[in-house]
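Undergrad: Got a structure for you, written out below as structure tokens; questions coming shortly.
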Amino acid sequence: MRKPTAVRRPTVLTGATALALALTALPAAAAPAPAPAPAPSGSAQPDLTRFYTQKVRWKPCEPEVQLLPESVTDDKDVTCGTVTVPLTYADPGRGTLDLALMKVRSSGKKRGSLLVNFGGPGGAGVSGLADAKRDFGYVGKGYDVVGFDPRGVGLSEPVTCGGEAEDEPDVDPDDAAAVLAELRRTAERCAEESGPVLPYMGTVNVSRDLDVMRQALGDKKLNYLGFSYGTRLGAVYAAQFPKKVGRMVLDGVDTLTEPVDEQALVGAEGRQTALDNFLLWCTGNPGCVFGEDARTAREAMVRLVEDLDAMPLRSAEGEEFTGQDVVGILGSALYSRQAWPALSQALGALLADGDPRALLRMGGVVGQARAAAPTAVPEDNATAALMAVNCADDPDRPDARRVEKEIGRLRAEFEEASPVFGKSMLMPVLLCFGRPPGTSYIRDEVRDVDTPKMLLVGTRGDPATPYRWAVETAERLGPSAVVLDNRGDGHTGYFGSKCVRGKVDAFLLYRQLPKNGSSCAAE
């Protein structure tokens with residue numbers, strides 16, 4: 001998702017997307033579970049020689065091919081290439097995929113490549129690195145920085161359900177039976193539209209792709225920087241290929257153990273905390289449209305959402321602007337404290353003048369809808385990939401009877417956790433309905449990794465990945481994991497904190513590791 005600055009922030013496409021996106025992006029119901037982890041040493045394994053002996057053929061990026069601006073493709077230090085991986089590692093002869101890569105050449109003495117994943121799942125790494133190229137200027141003195149589109153994402157055989165990002169199904173989101181029926185009706189179309197890659201989505205396979213990329217780049221060890229969902233990917237890689245781990249940083253640490261409903265509930269609480277922090281900041285500044293009292297500001301925000309849901313604003317073209325539109329824009333804007341001043345002004349225009357245009361402009365820049373998406377990438381690809389990966393990674397599947405029975409209790413829990421975000425955050429509980437269970441490998445096997453020290457960054461005011469997940473994941477990974485406590489706000493720390501970026505760069509470049517539990521003050 002795009003932020004108001006030129007920086008490409010981590011793409012956190014959680015299951016809390018709008019119902020419209022959820023229904024137009026559900027993966028195929030008939031898709032099999034993802035491939036298992038690598039076979040134990042000594043057991044028979046398929047021959048992967050041709051994948052592990054390839055080299056990336058770098059060439060200038062082309063605007064019409066990589067869908068990048070000429071300001072990036074004209075840069076002589078930026079090149080593009082592909083790596084070929086099998087559809088399924090269990091049967092490499094079944095077919096292959098070409099994964100898109102972009103490299104920013106090292107400006108100094110290169111010690112290897114640094115692979116970067118910006119999050120999601122469903123976030124594109126080629127366009128992500130193009131947006132964030134300047135942010136890696138210092139660490140780029142020692143590395144070729146490489147972004148990649150994971151399988152099913154962006155330019156790497158993108159999955160789709162044939163829908164547009166703004167499609168709105170004619171279904172009452174409060175009617176569990178109607179929602180489940182709509183999910184069933186859309187599943188077949190997703191399978192038809194996505195092609196052969198859909199059954200082989202999931203972090204277990206993406207991790208194996210990552211190892212093929214490492215080898216194709218000529219690196220003996222994987223040096224890796226993962227944001228948000230990218231931390232899940234990094235943790236899975238550490239479990240699958242512990243002897244191949246080089247310098248690894250996980251920023252905005254995802255959970256490895258909590259089921260989808262618990263993740264969604266934590267997400268609702270996190271976003272509510274971030275909103276409360278924003279309102280506290282706003283009411284402490286002159287001119288805040290909510291006044292000077294944070295408690296009454298929170299009440300006013302709830303009323304705003306409820307009122308617009310009951311009586312939406314209408315444009316001259318007849319388009320509605322609802323309370324849930326406000327919720328969606330808030331959810332994205334709160335990822336970065338840099339967006340708070342613009343958000344305050346936009347909410348002021350809405351409350352004082354009934355004018356949503358400033359918020360809509362923020363939605364077009366930082367929201368989850370992808371305006372004017374390039375024709376080579378389906379408009380619903382980010383959400384379709386999110387569903388495919390999250391469902392492939394999750395072994396839990398409640399049946400229809402259980403969902404319909406518990407939906408009332410769940411709704412009450414979510415609305416208590418967040419009067420503003422609870423309604424939208426409930427949707428992840430339903431998103432994998434109708435699919436076979438995903439792999440249990442991540443939940444059961446990703447633990448106690450025997451790797452070199454790795455750095456985990458947790459941010460106290462993170463609205464998407466709470467700080468406690470960093471601590472819990474570090475405990476699960478074992479003594480190799482070292483936690484850096486970022487006491488600021490926003491999602492992840494590298495892009496918003498000079499202190500965090502300095503410590504991360506020092507570790508990646510010089511192996512200077514901060515003490516476990518050390519902190520960076522809020523900036």
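All residue names refer to the structure tokens as shown: chains lettered A, B, ... in order, residues numbered from 1 in each chain, ligands numbered from 1 in order.
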Determine, counting only C-alpha atoms, which protein, DNA and RNA residues have an atom within 12 Å of an atom of segment 306-316 of chain A; residues of the same chain fewer than 6 positions away are not included. Present the result as a list in words.
TA: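 These residues fall inside the cut-off: Glu299, Ala300, Thr322, Gly323, Gln324, Asp325, Val326, Val327, Leu350, Leu351, Asp353, Gly354, Asp355, Pro356, Arg357, Leu360, Pro419, Val420, Phe421 and Lys423 of chain A.
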Undergrad: Could you give me, as a list in words, the residues within 10 Å of Asn486 of chain A, counting only C-alpha atoms and dropping anything in the same chain fewer than 2 positions from it?
TA: Val457, Gly458, Thr459, Arg460, Gly461, Asp462, Tyr467, Val483, Leu484, Gly488, Asp489, Thr492, Gly493, Tyr494, Ser497, Cys499, Val500, Gly517, Ser518, Ser519, Cys520, Ala521, Ala522 and Glu523 of chain A
Undergrad: From a backbone DSSP assignment, name each residue in segment 353-458 of chain A labelled strand (DSSP E), as a PyMOL selection string.
TA: chain A and resi 454-458
Undergrad: How far is it from atom CA of Glu269 of chain A to atom CA of Phe433 of chain A, in Å with one decimal?
TA: 23.6 Å
Undergrad: Can you list every residue in segment 328-511 of chain A that DSSP puts in helix (DSSP H, G or I), as a PyMOL selection string?
TA: chain A and resi 328-333+337-353+357-366+381-393+400-417+422-425+427-429+441-445+467-477+498-510
Undergrad: Please write the residues from the selection above to a file, keeping C-alpha atoms, as a short mmCIF file (atom, residue, chain, number, x, y, z; two decimals), in the first residue's frame.
TA:
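After the write, selection-v7.cif holds the following:
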```
data_model
loop_
_atom_site.label_atom_id
_atom_site.label_comp_id
_atom_site.auth_asym_id
_atom_site.auth_seq_id
_atom_site.Cartn_x
_atom_site.Cartn_y
_atom_site.Cartn_z
CA GLY A 328 -10.45 1.79 6.00
CA ILE A 329 -8.57 5.06 5.54
CA LEU A 330 -7.89 5.35 9.28
CA GLY A 331 -6.48 1.84 9.36
CA SER A 332 -3.90 2.70 6.71
CA ALA A 333 -3.06 6.23 7.84
CA ARG A 337 2.90 8.79 12.42
CA GLN A 338 4.05 10.97 9.54
CA ALA A 339 0.50 10.82 8.19
CA TRP A 340 -1.13 12.11 11.40
CA PRO A 341 -1.08 15.85 10.56
CA ALA A 342 -2.68 15.21 7.16
CA LEU A 343 -5.21 12.86 8.77
CA SER A 344 -6.14 15.49 11.36
CA GLN A 345 -6.75 18.08 8.64
CA ALA A 346 -8.75 15.63 6.52
CA LEU A 347 -10.98 14.65 9.44
CA GLY A 348 -11.42 18.35 10.20
CA ALA A 349 -12.72 18.97 6.69
CA LEU A 350 -15.12 16.04 6.99
CA LEU A 351 -16.51 17.02 10.41
CA ALA A 352 -16.61 20.77 9.89
CA ASP A 353 -17.74 20.93 6.26
CA ARG A 357 -12.31 14.74 -0.44
CA ALA A 358 -9.16 15.10 1.65
CA LEU A 359 -9.78 11.71 3.24
CA LEU A 360 -10.47 10.21 -0.16
CA ARG A 361 -7.19 11.59 -1.43
CA MET A 362 -5.46 9.92 1.50
CA GLY A 363 -7.31 6.73 0.65
CA GLY A 364 -6.02 6.93 -2.89
CA VAL A 365 -2.44 7.24 -1.64
CA VAL A 366 -2.30 5.18 1.52
CA ASN A 381 -4.07 -9.33 -6.88
CA ALA A 382 -2.86 -8.00 -3.51
CA THR A 383 -5.99 -9.17 -1.74
CA ALA A 384 -6.24 -12.45 -3.65
CA ALA A 385 -2.65 -13.26 -2.72
CA LEU A 386 -3.26 -12.30 0.91
CA MET A 387 -6.15 -14.74 1.15
CA ALA A 388 -4.25 -17.50 -0.62
CA VAL A 389 -1.18 -17.28 1.62
CA ASN A 390 -2.98 -16.76 4.92
CA CYS A 391 -5.33 -19.66 4.26
CA ALA A 392 -2.46 -21.91 3.17
CA ASP A 393 -0.61 -21.04 6.40
CA ALA A 400 -20.57 -23.32 8.63
CA ARG A 401 -22.64 -24.36 11.63
CA ARG A 402 -19.97 -23.24 14.06
CA VAL A 403 -19.47 -19.92 12.24
CA GLU A 404 -23.19 -19.13 12.20
CA LYS A 405 -23.54 -20.16 15.87
CA GLU A 406 -20.60 -18.09 17.13
CA ILE A 407 -20.82 -15.02 14.92
CA GLY A 408 -22.88 -13.08 17.51
CA ARG A 409 -20.42 -13.76 20.32
CA LEU A 410 -17.47 -12.91 18.11
CA ARG A 411 -19.08 -9.67 16.95
CA ALA A 412 -19.55 -8.58 20.56
CA GLU A 413 -15.91 -9.41 21.41
CA PHE A 414 -14.57 -7.50 18.43
CA GLU A 415 -16.72 -4.44 19.03
CA GLU A 416 -15.61 -4.41 22.67
CA ALA A 417 -11.98 -4.59 21.57
CA GLY A 422 -14.09 -4.26 15.40
CA LYS A 423 -16.66 -4.73 12.64
CA SER A 424 -14.13 -4.80 9.82
CA MET A 425 -11.60 -6.90 11.75
CA MET A 427 -13.95 -10.67 8.58
CA PRO A 428 -10.68 -12.71 8.80
CA VAL A 429 -12.55 -15.31 10.84
CA TYR A 441 4.22 -26.64 9.85
CA ILE A 442 4.52 -23.01 10.92
CA ARG A 443 2.56 -23.44 14.12
CA ASP A 444 4.18 -26.75 15.12
CA GLU A 445 7.71 -26.75 13.71
CA TYR A 467 5.16 -5.56 20.52
CA ARG A 468 4.26 -8.69 22.47
CA TRP A 469 4.39 -10.70 19.23
CA ALA A 470 8.06 -9.75 18.90
CA VAL A 471 8.73 -11.01 22.43
CA GLU A 472 6.68 -14.20 21.97
CA THR A 473 8.26 -15.01 18.60
CA ALA A 474 11.75 -14.41 20.00
CA GLU A 475 11.04 -16.83 22.85
CA ARG A 476 9.74 -19.36 20.35
CA LEU A 477 12.74 -19.05 18.03
CA LYS A 498 16.53 6.88 12.98
CA CYS A 499 17.64 4.91 16.02
CA VAL A 500 16.12 1.66 14.73
CA ARG A 501 17.50 2.17 11.24
CA GLY A 502 20.96 2.87 12.64
CA LYS A 503 20.98 -0.30 14.73
CA VAL A 504 19.59 -2.45 11.92
CA ASP A 505 22.13 -1.10 9.41
CA ALA A 506 24.98 -1.59 11.89
CA PHE A 507 23.99 -5.22 12.37
CA LEU A 508 23.62 -5.91 8.66
CA LEU A 509 26.85 -4.16 7.71
CA TYR A 510 29.14 -4.74 10.69
#
```
